[in-house]
Amino acid sequence: MKDFKTYFTFLSRNKMFTTINVAGLAVSFMFILLIADMVTRQLTVDRDVRDADRIYMYTTGKDVFGHYNLGQRFQDRFPEIEDWCAFAKCAELECNLEDMQTIVAHTAFVKDNFFDFFGYKIIEGDAKTMLSADNNIVLTRSGAIKFFGTEKVVGKMLNLQFPTTHKSGTFTVTSVVEDIDNSIFPDGIEAFVPIEQVVNYDSSMDVRDAIMENAASAILFFKFPKDYDPTTKQDEILELLKECFWPYIYGVVDSVQMINMHDFYYSSVPTIYASEHLKQYDFVKVLAFLAAGIIILLMSVFNYISMSAAQTSYRAKEMATRRLLGSYRGDVFWRMILEALFLTIIAFLIGLLLAKVTEPYAMDVLGVKLNVIGDFTWLTSICWLVFLILLSFFAGLVPASILSNYNPLDVVKGTFRRKTKMVYLRVLNVVQSGLTIALISCSIYFGVKLNVVLNAPLGYEYGNVLCYKNNGTLEQLQTFRSEVEKLPYVKNVSFTSGTPIYGGEGSAMAIATSDTTVMEMYRIFEVDSAFFKVFNIKILEDCRLANLANSYYMSESTMERYKRFNLGIDRFRYAGGSVDIAGVFNDFQLESVLMDNMFANILIRVKDKDKIVPHMILVDIEPGDLVNYKQKIDKLYEDIVKPIGFESIWYSDMMLDQYKGVIDFNKILVAFTIAALIISLLGLIAMNIYMISQRKRDIAVRRVFGATAKNEQIRLMRFSMQSIAFSLVVALPLLWIGFKMINDLISYGDIPTWWIPIVAFAIVVVVSLLSVYLIGRKAANENPIENIKTE
């Protein structure tokens, strides 16, 4: 440490060098630590699952849907299936404890062999029997502590309330398991109950339904022998489904795909979709974040190299003195490498602290759970140490080579600065500028595409719409509606089962034509008449039926498709009967424009406002003091309905939540771009300082022979422009890759891209030339005699 006293003195005297390098590397390490933890977790999803490589999921090739009763039928037909399991869904249930306290429990409905099948760690209990009875309940560690304050909870009782059916049940805790983390199953599950109980939450999901009417009521998992490929049986599985499962019998679905649970995680929209039931992630995002993190890190390393190389002339006398006093060339070389290692480790520790501080924000933006420090193991610690050593060697290589390879007499005579070439710096500057142009271009392109998505026409409009879930009895909700309608700032109140953003109830109907029966999928909304006003949906044709109790409005596209059956357009005829057609409304977008359902078959059934049992209550509010209005309506809802843990939400926020993934990705990309621009600017400063320090004598000679300061400024700026022009060679291939990845993430919207690289190039040119001008102005205006004397 004593031997490094001169290095500490150098750092203290060159505060800009120290600050720029430590800050740049620390911020880069913050990004790379967060991204490395995210990527590692994404690549090791369900690592705690036993035999995950042998577990496959049944899908249609587009969706994960099935029925519980299919599981046994599959196993009976295909004896190679060792075991099967089913997962229905997760739900927020009110939980009444022994002390009568009421809290919300995040509860999953699963088959009784769930823990034995997946092999999750059990703290207390028997995996084979813990869900053997309908009134059994299994708690996770965090759930047990939340409900009872301890993990010792086996035998305790709690009561669950099912809000949609208003049923309840008393359950006995039979086991405690470790929290499920980094899995395709939703985060934060606190309790597991037998799948037979799901009928109390949703009557259409009854596992005893032999007809299997709700074809999407369960997700099925199958375990096969090691090295067995179930995809070879897909044709046989398809034949079985055509015999027993109505979506295949009627031709609504005509494909099967068995997919390993690891592969499923990255099979997100538009490939295989699991809705909110299971977690998925886009692998393109993983690659994009990884690439951006590596680019930021490389640019910081380039900065260190540039700044260190720019400072070589200031440390040359120290190293020359060491050489003249007996130090070998290798001594100087490795000294510089160790100095780089010291600075890198300091920056890494600061970056680790920054990563921990920003971790909550990063989790929200990345949409994944992170634990940067908690995920450190002996193996990862060794990997990081090796990484830092290699990185330090790479970062210190250039300045170490420059200072160790030159004759110390050149330094003494004052010719070191002129003999030192700047090829290293110029190459680094070209690469750094190219990376910056690419990142700026991708950020602009993504932002433009996102703006197109957020402003895309939906076919409906909405203002200040406040949404409440059904958390009470019909009488309570009707009382709430009548009180809210009295408020002067409330325009409309609608009871609805289904909203455009979530879609209606999916239903398949058999349309009997003259010669065949065609199965059609419909999205059905049950609403009151205020629904059309809240969303400004236009009624294009209104039959003005006196009795709307058994009639449907059709969307334009639905009517056009129905006309092809030649059944007349006064009534909607299906295999189970017929209903009146009340009218036709304009097409509107379901969910988001990133989903291909603009022209889905949509039916809207308008019911009497006192007879509809809503899933959601919509309150349309006049512009004004929205925060105050929301607080008053929330208080009214809380006083009348008395829900536990309810939260109202603006429809506009629900819409933004549909695009949360791409919005958050845009935030990250903008942050990367700003960081890259700042790092690039610092690199340019280093490059220009070094370039100008080398050219001071040449500038002085030309000034003596009549050149003006303006001429020298132009000469310096021309040299900088040449480097930036070469950087396009680096930028263009990266642009092509980046634009392709963005199009994979956002397929909606076709916009021209030719102007984007031009704008990015112009930004880098302006920043670069401004840097050269400000730094070079002093050198160009100095007295030439002073520079000739010092040389």
# chains A, B, ... in the order shown; residues from 1 in each chain; ligands from 1
call {"tool": "residues_around", "arguments": {"residues": "Lys632 in chain A", "least_positions_apart": "4", "cutoff": "12 Å", "atoms": "only C-alpha atoms", "output": "list of chain:residue names"}}
result
A:Leu466, A:Glu483, A:Val484, A:Leu487, A:Tyr489, A:Val490, A:Asp625, A:Leu626, A:Val627, A:Asn628, A:Leu636, A:Tyr637, A:Glu638, A:Asp639, A:Ser648
call {"tool": "write_last_selection", "arguments": {"atoms": "all heavy atoms", "output": "short mmCIF file (atom, residue, chain, number, x, y, z; two decimals), in the first residue's frame"}}
result
data_model
loop_
_atom_site.label_atom_id
_atom_site.label_comp_id
_atom_site.auth_asym_id
_atom_site.auth_seq_id
_atom_site.Cartn_x
_atom_site.Cartn_y
_atom_site.Cartn_z
N LEU A 466 -63.74 5.94 -13.17
CA LEU A 466 -63.23 5.29 -11.97
C LEU A 466 -63.87 3.90 -11.86
O LEU A 466 -65.08 3.75 -12.02
CB LEU A 466 -63.59 6.13 -10.75
CG LEU A 466 -62.81 5.92 -9.45
CD1 LEU A 466 -61.31 6.06 -9.68
CD2 LEU A 466 -63.28 6.90 -8.39
N GLU A 483 -76.49 6.45 -4.55
CA GLU A 483 -75.87 7.56 -3.83
C GLU A 483 -74.87 8.29 -4.72
O GLU A 483 -74.78 9.53 -4.69
CB GLU A 483 -75.18 7.05 -2.56
CG GLU A 483 -76.13 6.53 -1.49
CD GLU A 483 -77.10 7.59 -1.01
OE1 GLU A 483 -76.66 8.75 -0.80
OE2 GLU A 483 -78.30 7.28 -0.88
N VAL A 484 -74.11 7.55 -5.50
CA VAL A 484 -73.12 8.17 -6.38
C VAL A 484 -73.79 9.01 -7.45
O VAL A 484 -73.30 10.09 -7.83
CB VAL A 484 -72.22 7.09 -7.02
CG1 VAL A 484 -71.37 7.67 -8.14
CG2 VAL A 484 -71.31 6.48 -5.97
N LEU A 487 -74.29 12.72 -6.86
CA LEU A 487 -73.17 13.66 -6.82
C LEU A 487 -73.16 14.52 -8.07
O LEU A 487 -73.30 14.00 -9.19
CB LEU A 487 -71.86 12.91 -6.68
CG LEU A 487 -71.72 12.05 -5.40
CD1 LEU A 487 -70.43 11.25 -5.43
CD2 LEU A 487 -71.79 12.92 -4.16
N TYR A 489 -70.86 15.95 -9.77
CA TYR A 489 -69.74 15.78 -10.71
C TYR A 489 -69.71 14.40 -11.36
O TYR A 489 -68.77 14.07 -12.07
CB TYR A 489 -68.41 16.06 -10.02
CG TYR A 489 -68.26 15.43 -8.65
CD1 TYR A 489 -67.91 14.10 -8.51
CD2 TYR A 489 -68.49 16.19 -7.51
CE1 TYR A 489 -67.77 13.52 -7.26
CE2 TYR A 489 -68.36 15.62 -6.24
CZ TYR A 489 -68.01 14.30 -6.12
OH TYR A 489 -67.89 13.72 -4.89
N VAL A 490 -70.73 13.58 -11.13
CA VAL A 490 -70.82 12.25 -11.72
C VAL A 490 -71.74 12.30 -12.93
O VAL A 490 -72.91 12.70 -12.82
CB VAL A 490 -71.30 11.21 -10.70
CG1 VAL A 490 -71.55 9.86 -11.39
CG2 VAL A 490 -70.26 11.04 -9.59
N ASP A 625 -61.58 18.56 -9.93
CA ASP A 625 -60.67 18.14 -8.86
C ASP A 625 -60.78 16.62 -8.69
O ASP A 625 -61.44 16.12 -7.77
CB ASP A 625 -61.03 18.87 -7.57
CG ASP A 625 -60.01 18.63 -6.47
OD1 ASP A 625 -59.06 17.85 -6.70
OD2 ASP A 625 -60.17 19.21 -5.37
N LEU A 626 -60.11 15.90 -9.57
CA LEU A 626 -60.29 14.45 -9.63
C LEU A 626 -59.80 13.74 -8.37
O LEU A 626 -60.38 12.74 -7.96
CB LEU A 626 -59.57 13.89 -10.86
CG LEU A 626 -60.09 14.39 -12.22
CD1 LEU A 626 -59.27 13.79 -13.34
CD2 LEU A 626 -61.57 14.05 -12.40
N VAL A 627 -58.74 14.25 -7.78
CA VAL A 627 -58.22 13.63 -6.55
C VAL A 627 -59.26 13.70 -5.45
O VAL A 627 -59.53 12.71 -4.75
CB VAL A 627 -56.90 14.30 -6.11
CG1 VAL A 627 -56.44 13.76 -4.76
CG2 VAL A 627 -55.83 14.11 -7.16
N ASN A 628 -59.86 14.87 -5.30
CA ASN A 628 -60.89 15.05 -4.27
C ASN A 628 -62.14 14.23 -4.58
O ASN A 628 -62.72 13.60 -3.69
CB ASN A 628 -61.24 16.54 -4.17
CG ASN A 628 -62.27 16.82 -3.08
OD1 ASN A 628 -62.19 16.26 -1.99
ND2 ASN A 628 -63.23 17.68 -3.39
N LEU A 636 -67.46 6.74 0.07
CA LEU A 636 -68.84 6.30 -0.07
C LEU A 636 -68.90 4.79 -0.29
O LEU A 636 -69.71 4.08 0.34
CB LEU A 636 -69.50 7.05 -1.24
CG LEU A 636 -71.03 7.04 -1.33
CD1 LEU A 636 -71.65 7.69 -0.12
CD2 LEU A 636 -71.47 7.78 -2.59
N TYR A 637 -68.04 4.30 -1.16
CA TYR A 637 -68.00 2.85 -1.45
C TYR A 637 -67.61 2.08 -0.19
O TYR A 637 -68.20 1.03 0.13
CB TYR A 637 -67.00 2.59 -2.57
CG TYR A 637 -66.96 1.16 -3.05
CD1 TYR A 637 -67.92 0.69 -3.96
CD2 TYR A 637 -65.99 0.28 -2.62
CE1 TYR A 637 -67.88 -0.62 -4.42
CE2 TYR A 637 -65.94 -1.03 -3.07
CZ TYR A 637 -66.90 -1.47 -3.96
OH TYR A 637 -66.87 -2.78 -4.41
N GLU A 638 -66.64 2.60 0.55
CA GLU A 638 -66.17 1.91 1.76
C GLU A 638 -67.26 1.88 2.83
O GLU A 638 -67.45 0.87 3.51
CB GLU A 638 -64.92 2.62 2.28
CG GLU A 638 -64.21 1.88 3.38
CD GLU A 638 -62.88 2.52 3.74
OE1 GLU A 638 -62.58 3.61 3.19
OE2 GLU A 638 -62.17 1.94 4.56
N ASP A 639 -67.99 2.98 2.97
CA ASP A 639 -69.05 3.04 4.00
C ASP A 639 -70.22 2.13 3.69
O ASP A 639 -70.81 1.52 4.59
CB ASP A 639 -69.55 4.49 4.15
CG ASP A 639 -68.51 5.41 4.76
OD1 ASP A 639 -67.55 4.88 5.37
OD2 ASP A 639 -68.63 6.64 4.60
N SER A 648 -59.84 1.39 -5.69
CA SER A 648 -60.40 1.83 -6.96
C SER A 648 -59.25 2.22 -7.89
O SER A 648 -58.14 2.50 -7.44
CB SER A 648 -61.33 3.03 -6.74
OG SER A 648 -60.60 4.13 -6.22
#
call {"tool": "select_by_dssp", "arguments": {"residues": "range 476-510 of chain A", "states": "strand (DSSP E)", "output": "PyMOL selection string"}}
result
chain A and resi 490-497+505-510
call {"tool": "write_last_selection", "arguments": {"atoms": "C-alpha atoms", "output": "compact mmCIF listing (two decimals), in the first residue's frame"}}
result
# COMPACT_ATOMS: atom_id res chain seq x y z
CA VAL A 490 -70.82 12.25 -11.72
CA LYS A 491 -72.02 11.89 -15.34
CA ASN A 492 -72.80 8.16 -15.59
CA VAL A 493 -72.64 5.01 -13.47
CA SER A 494 -72.55 1.63 -15.22
CA PHE A 495 -72.84 -1.92 -13.90
CA THR A 496 -70.98 -4.24 -16.24
CA SER A 497 -69.64 -7.72 -16.62
CA GLU A 505 -66.88 -13.54 -21.11
CA GLY A 506 -65.52 -15.99 -23.70
CA SER A 507 -68.17 -18.32 -25.07
CA ALA A 508 -68.46 -20.77 -27.96
CA MET A 509 -71.80 -21.09 -29.75
CA ALA A 510 -72.83 -23.64 -32.35
call {"tool": "atom_distance", "arguments": {"atom1": "CA of Arg141 in chain A", "atom2": "CA of Val45 in chain A"}}
result
20.0 Å
call {"tool": "atom_distance", "arguments": {"atom1": "CA of Asp53 in chain A", "atom2": "CA of Asn113 in chain A"}}
result
18.3 Å
call {"tool": "residues_around", "arguments": {"residues": "Glu196 in chain A", "least_positions_apart": "4", "cutoff": "12 Å", "atoms": "only C-alpha atoms", "output": "PyMOL selection string"}}
result
chain A and resi 68-69+86-89+108-112+131-136+192+200-203+205-209+217-218
call {"tool": "atom_distance", "arguments": {"atom1": "CA of Gly61 in chain A", "atom2": "CA of Met258 in chain A"}}
result
8.1 Å
call {"tool": "closest_residue", "arguments": {"among": "A:Glu151, A:Asp750, A:Asp653, A:Glu190", "to": "Ile137 in chain A", "atoms": "only C-alpha atoms"}}
result
A:Glu190
call {"tool": "residues_around", "arguments": {"residues": "Ile211 in chain A", "least_positions_apart": "4", "cutoff": "10 Å", "atoms": "only C-alpha atoms", "output": "JSON, numbers by chain"}}
result
{"A": [67, 69, 215, 244, 245, 246]}
call {"tool": "write_last_selection", "arguments": {"atoms": "all heavy atoms", "output": "tab-separated table (two decimals), in the first residue's frame"}}
result
chain	number	residue	atom	x	y	z
A	67	HIS	N	-59.14	-28.45	-19.25
A	67	HIS	CA	-60.07	-28.73	-18.16
A	67	HIS	C	-59.46	-29.83	-17.29
A	67	HIS	O	-58.75	-30.71	-17.77
A	67	HIS	CB	-61.44	-29.17	-18.70
A	67	HIS	CG	-62.50	-29.19	-17.66
A	67	HIS	ND1	-62.67	-30.24	-16.78
A	67	HIS	CD2	-63.46	-28.27	-17.34
A	67	HIS	CE1	-63.69	-29.98	-15.97
A	67	HIS	NE2	-64.18	-28.79	-16.29
A	69	ASN	N	-60.62	-32.45	-16.02
A	69	ASN	CA	-60.96	-33.84	-16.36
A	69	ASN	C	-60.15	-34.39	-17.54
A	69	ASN	O	-60.14	-35.60	-17.76
A	69	ASN	CB	-62.46	-33.95	-16.66
A	69	ASN	CG	-63.30	-33.78	-15.40
A	69	ASN	OD1	-62.85	-34.13	-14.31
A	69	ASN	ND2	-64.49	-33.21	-15.55
A	215	ALA	N	-63.83	-24.55	-20.95
A	215	ALA	CA	-62.68	-25.24	-21.54
A	215	ALA	C	-61.34	-24.64	-21.12
A	215	ALA	O	-60.30	-25.19	-21.45
A	215	ALA	CB	-62.79	-25.20	-23.07
A	244	CYS	N	-63.39	-36.17	-27.28
A	244	CYS	CA	-63.98	-35.90	-25.97
A	244	CYS	C	-64.07	-34.44	-25.56
A	244	CYS	O	-64.76	-34.12	-24.58
A	244	CYS	CB	-63.19	-36.67	-24.90
A	244	CYS	SG	-61.48	-36.07	-24.70
A	245	PHE	N	-63.40	-33.52	-26.27
A	245	PHE	CA	-63.33	-32.14	-25.80
A	245	PHE	C	-63.99	-31.23	-26.83
A	245	PHE	O	-63.55	-31.15	-27.98
A	245	PHE	CB	-61.87	-31.75	-25.59
A	245	PHE	CG	-61.64	-30.56	-24.70
A	245	PHE	CD1	-62.54	-30.22	-23.69
A	245	PHE	CD2	-60.51	-29.77	-24.86
A	245	PHE	CE1	-62.32	-29.13	-22.87
A	245	PHE	CE2	-60.27	-28.68	-24.04
A	245	PHE	CZ	-61.18	-28.37	-23.04
A	246	TRP	N	-65.06	-30.53	-26.42
A	246	TRP	CA	-65.92	-29.85	-27.38
A	246	TRP	C	-65.22	-28.79	-28.24
A	246	TRP	O	-65.59	-28.62	-29.41
A	246	TRP	CB	-67.14	-29.24	-26.68
A	246	TRP	CG	-66.86	-28.12	-25.71
A	246	TRP	CD1	-66.76	-28.20	-24.37
A	246	TRP	CD2	-66.65	-26.74	-26.05
A	246	TRP	NE1	-66.49	-26.98	-23.81
A	246	TRP	CE2	-66.43	-26.06	-24.83
A	246	TRP	CE3	-66.63	-26.01	-27.23
A	246	TRP	CZ2	-66.20	-24.69	-24.77
A	246	TRP	CZ3	-66.40	-24.64	-27.18
A	246	TRP	CH2	-66.19	-24.00	-25.95
call {"tool": "residues_around", "arguments": {"residues": "Glu526 in chain A", "least_positions_apart": "4", "cutoff": "9 Å", "atoms": "only C-alpha atoms", "output": "list of chain:residue names"}}
result
A:Phe495, A:Thr496, A:Ser497, A:Gly498, A:Gly504, A:Glu505, A:Leu603, A:Ile604, A:Arg605, A:Val606, A:Lys607, A:Ile612, A:Val613, A:Pro614
call {"tool": "write_last_selection", "arguments": {"atoms": "N, CA, C and O atoms", "output": "mmCIF file, in the first residue's frame"}}
result
data_model
loop_
_atom_site.group_PDB
_atom_site.id
_atom_site.type_symbol
_atom_site.label_atom_id
_atom_site.label_comp_id
_atom_site.auth_asym_id
_atom_site.auth_seq_id
_atom_site.Cartn_x
_atom_site.Cartn_y
_atom_site.Cartn_z
ATOM 1 N N PHE A 495 -73.122 -0.567 -14.394
ATOM 2 C CA PHE A 495 -72.845 -1.920 -13.901
ATOM 3 C C PHE A 495 -72.509 -2.771 -15.122
ATOM 4 O O PHE A 495 -73.273 -2.809 -16.086
ATOM 5 N N THR A 496 -71.376 -3.467 -15.070
ATOM 6 C CA THR A 496 -70.977 -4.235 -16.243
ATOM 7 C C THR A 496 -70.250 -5.504 -15.867
ATOM 8 O O THR A 496 -69.525 -5.552 -14.871
ATOM 9 N N SER A 497 -70.467 -6.520 -16.652
ATOM 10 C CA SER A 497 -69.642 -7.717 -16.616
ATOM 11 C C SER A 497 -68.854 -7.733 -17.918
ATOM 12 O O SER A 497 -69.340 -8.202 -18.947
ATOM 13 N N GLY A 498 -67.655 -7.177 -17.847
ATOM 14 C CA GLY A 498 -66.823 -7.043 -19.026
ATOM 15 C C GLY A 498 -66.567 -5.588 -19.375
ATOM 16 O O GLY A 498 -67.479 -4.764 -19.332
ATOM 17 N N GLY A 504 -64.916 -9.393 -22.702
ATOM 18 C CA GLY A 504 -66.088 -9.972 -22.066
ATOM 19 C C GLY A 504 -65.861 -11.438 -21.734
ATOM 20 O O GLY A 504 -64.752 -11.954 -21.782
ATOM 21 N N GLU A 505 -66.948 -12.105 -21.409
ATOM 22 C CA GLU A 505 -66.883 -13.537 -21.110
ATOM 23 C C GLU A 505 -66.733 -14.316 -22.410
ATOM 24 O O GLU A 505 -67.515 -14.141 -23.349
ATOM 25 N N LEU A 603 -70.562 -9.556 -28.629
ATOM 26 C CA LEU A 603 -71.997 -9.423 -28.368
ATOM 27 C C LEU A 603 -72.177 -8.672 -27.056
ATOM 28 O O LEU A 603 -71.482 -8.956 -26.076
ATOM 29 N N ILE A 604 -73.087 -7.712 -27.044
ATOM 30 C CA ILE A 604 -73.384 -6.965 -25.829
ATOM 31 C C ILE A 604 -74.851 -7.170 -25.476
ATOM 32 O O ILE A 604 -75.741 -6.878 -26.287
ATOM 33 N N ARG A 605 -75.067 -7.698 -24.293
ATOM 34 C CA ARG A 605 -76.426 -7.903 -23.804
ATOM 35 C C ARG A 605 -76.748 -6.803 -22.804
ATOM 36 O O ARG A 605 -76.090 -6.671 -21.771
ATOM 37 N N VAL A 606 -77.753 -6.002 -23.109
ATOM 38 C CA VAL A 606 -78.156 -4.910 -22.225
ATOM 39 C C VAL A 606 -79.265 -5.408 -21.309
ATOM 40 O O VAL A 606 -80.309 -5.868 -21.773
ATOM 41 N N LYS A 607 -79.018 -5.322 -20.007
ATOM 42 C CA LYS A 607 -79.996 -5.792 -19.026
ATOM 43 C C LYS A 607 -80.500 -4.607 -18.209
ATOM 44 O O LYS A 607 -79.885 -3.535 -18.167
ATOM 45 N N ILE A 612 -78.869 -6.654 -13.205
ATOM 46 C CA ILE A 612 -77.535 -7.115 -13.572
ATOM 47 C C ILE A 612 -76.664 -7.255 -12.324
ATOM 48 O O ILE A 612 -76.658 -6.389 -11.455
ATOM 49 N N VAL A 613 -75.948 -8.380 -12.234
ATOM 50 C CA VAL A 613 -74.960 -8.596 -11.168
ATOM 51 C C VAL A 613 -73.601 -8.294 -11.773
ATOM 52 O O VAL A 613 -73.073 -9.085 -12.557
ATOM 53 N N PRO A 614 -72.989 -7.165 -11.446
ATOM 54 C CA PRO A 614 -71.782 -6.723 -12.164
ATOM 55 C C PRO A 614 -70.509 -7.358 -11.631
ATOM 56 O O PRO A 614 -70.433 -7.774 -10.477
#
call {"tool": "residues_around", "arguments": {"residues": "range 28-37 of chain A", "least_positions_apart": "2", "cutoff": "7 Å", "atoms": "only C-alpha atoms", "output": "list in words"}}
result
Gly24, Leu25, Ala26, Val39, Thr40, Arg41, Phe289, Leu290, Gly293, Ile296, Leu297, Ser300, Phe348, Gly351, Leu352, Leu354, Ala355, Leu370 and Val372 of chain A
call {"tool": "write_last_selection", "arguments": {"atoms": "N, CA and C atoms", "output": "CSV table (one decimal), in the first residue's frame"}}
result
chain,number,residue,atom,x,y,z
A,24,GLY,N,-18.3,6.9,-13.5
A,24,GLY,CA,-18.7,6.2,-14.7
A,24,GLY,C,-18.8,4.7,-14.5
A,25,LEU,N,-17.7,4.1,-13.9
A,25,LEU,CA,-17.6,2.7,-13.7
A,25,LEU,C,-18.7,2.2,-12.7
A,26,ALA,N,-18.9,3.0,-11.6
A,26,ALA,CA,-19.9,2.7,-10.6
A,26,ALA,C,-21.3,2.6,-11.2
A,39,VAL,N,-31.0,-11.4,-15.6
A,39,VAL,CA,-30.7,-12.4,-16.6
A,39,VAL,C,-30.5,-13.7,-16.0
A,40,THR,N,-29.7,-13.8,-14.9
A,40,THR,CA,-29.5,-15.0,-14.2
A,40,THR,C,-30.8,-15.7,-13.7
A,41,ARG,N,-31.6,-14.8,-13.1
A,41,ARG,CA,-32.9,-15.3,-12.6
A,41,ARG,C,-33.8,-15.8,-13.8
A,289,PHE,N,-31.8,-6.2,-22.7
A,289,PHE,CA,-31.2,-5.6,-21.5
A,289,PHE,C,-29.8,-6.1,-21.4
A,290,LEU,N,-29.5,-7.3,-21.7
A,290,LEU,CA,-28.1,-7.8,-21.6
A,290,LEU,C,-27.2,-7.0,-22.5
A,293,GLY,N,-26.7,-3.5,-21.2
A,293,GLY,CA,-25.8,-3.5,-20.1
A,293,GLY,C,-24.3,-3.6,-20.5
A,296,ILE,N,-23.1,-0.4,-22.1
A,296,ILE,CA,-22.8,0.6,-21.1
A,296,ILE,C,-21.5,0.3,-20.4
A,297,LEU,N,-21.3,-0.9,-20.0
A,297,LEU,CA,-20.0,-1.3,-19.3
A,297,LEU,C,-18.8,-1.1,-20.2
A,300,SER,N,-17.9,2.5,-20.4
A,300,SER,CA,-17.2,3.0,-19.2
A,300,SER,C,-15.8,2.5,-19.2
A,348,PHE,N,-16.8,-0.9,-8.2
A,348,PHE,CA,-17.7,-2.1,-8.1
A,348,PHE,C,-18.4,-2.0,-6.8
A,351,GLY,N,-20.9,0.6,-7.0
A,351,GLY,CA,-22.0,0.2,-7.9
A,351,GLY,C,-22.9,-0.8,-7.2
A,352,LEU,N,-22.4,-1.7,-6.3
A,352,LEU,CA,-23.2,-2.7,-5.6
A,352,LEU,C,-24.1,-2.0,-4.6
A,354,LEU,N,-25.2,1.2,-5.0
A,354,LEU,CA,-26.2,1.8,-5.9
A,354,LEU,C,-27.3,0.8,-6.4
A,355,ALA,N,-26.8,-0.4,-6.7
A,355,ALA,CA,-27.8,-1.4,-7.2
A,355,ALA,C,-28.8,-1.8,-6.2
A,370,LEU,N,-36.0,-9.1,-8.0
A,370,LEU,CA,-34.5,-9.1,-8.0
A,370,LEU,C,-34.1,-9.2,-6.5
A,372,VAL,N,-30.2,-8.6,-5.6
A,372,VAL,CA,-28.8,-8.5,-6.0
A,372,VAL,C,-27.8,-9.1,-5.0
call {"tool": "closest_residue", "arguments": {"among": "A:Ile440, A:Gly434, A:Lys62, A:Val368", "to": "Asp254 in chain A", "atoms": "only C-alpha atoms"}}
result
A:Lys62
call {"tool": "select_by_dssp", "arguments": {"residues": "range 427-575 of chain A", "states": "helix (DSSP H, G or I)", "output": "PyMOL selection string"}}
result
chain A and resi 427-454+474-484+530-534+556-563
call {"tool": "closest_residue", "arguments": {"among": "A:Phe376, A:Tyr248, A:Tyr502, A:Trp755", "to": "Met655 in chain A", "atoms": "only C-alpha atoms"}}
result
A:Tyr502
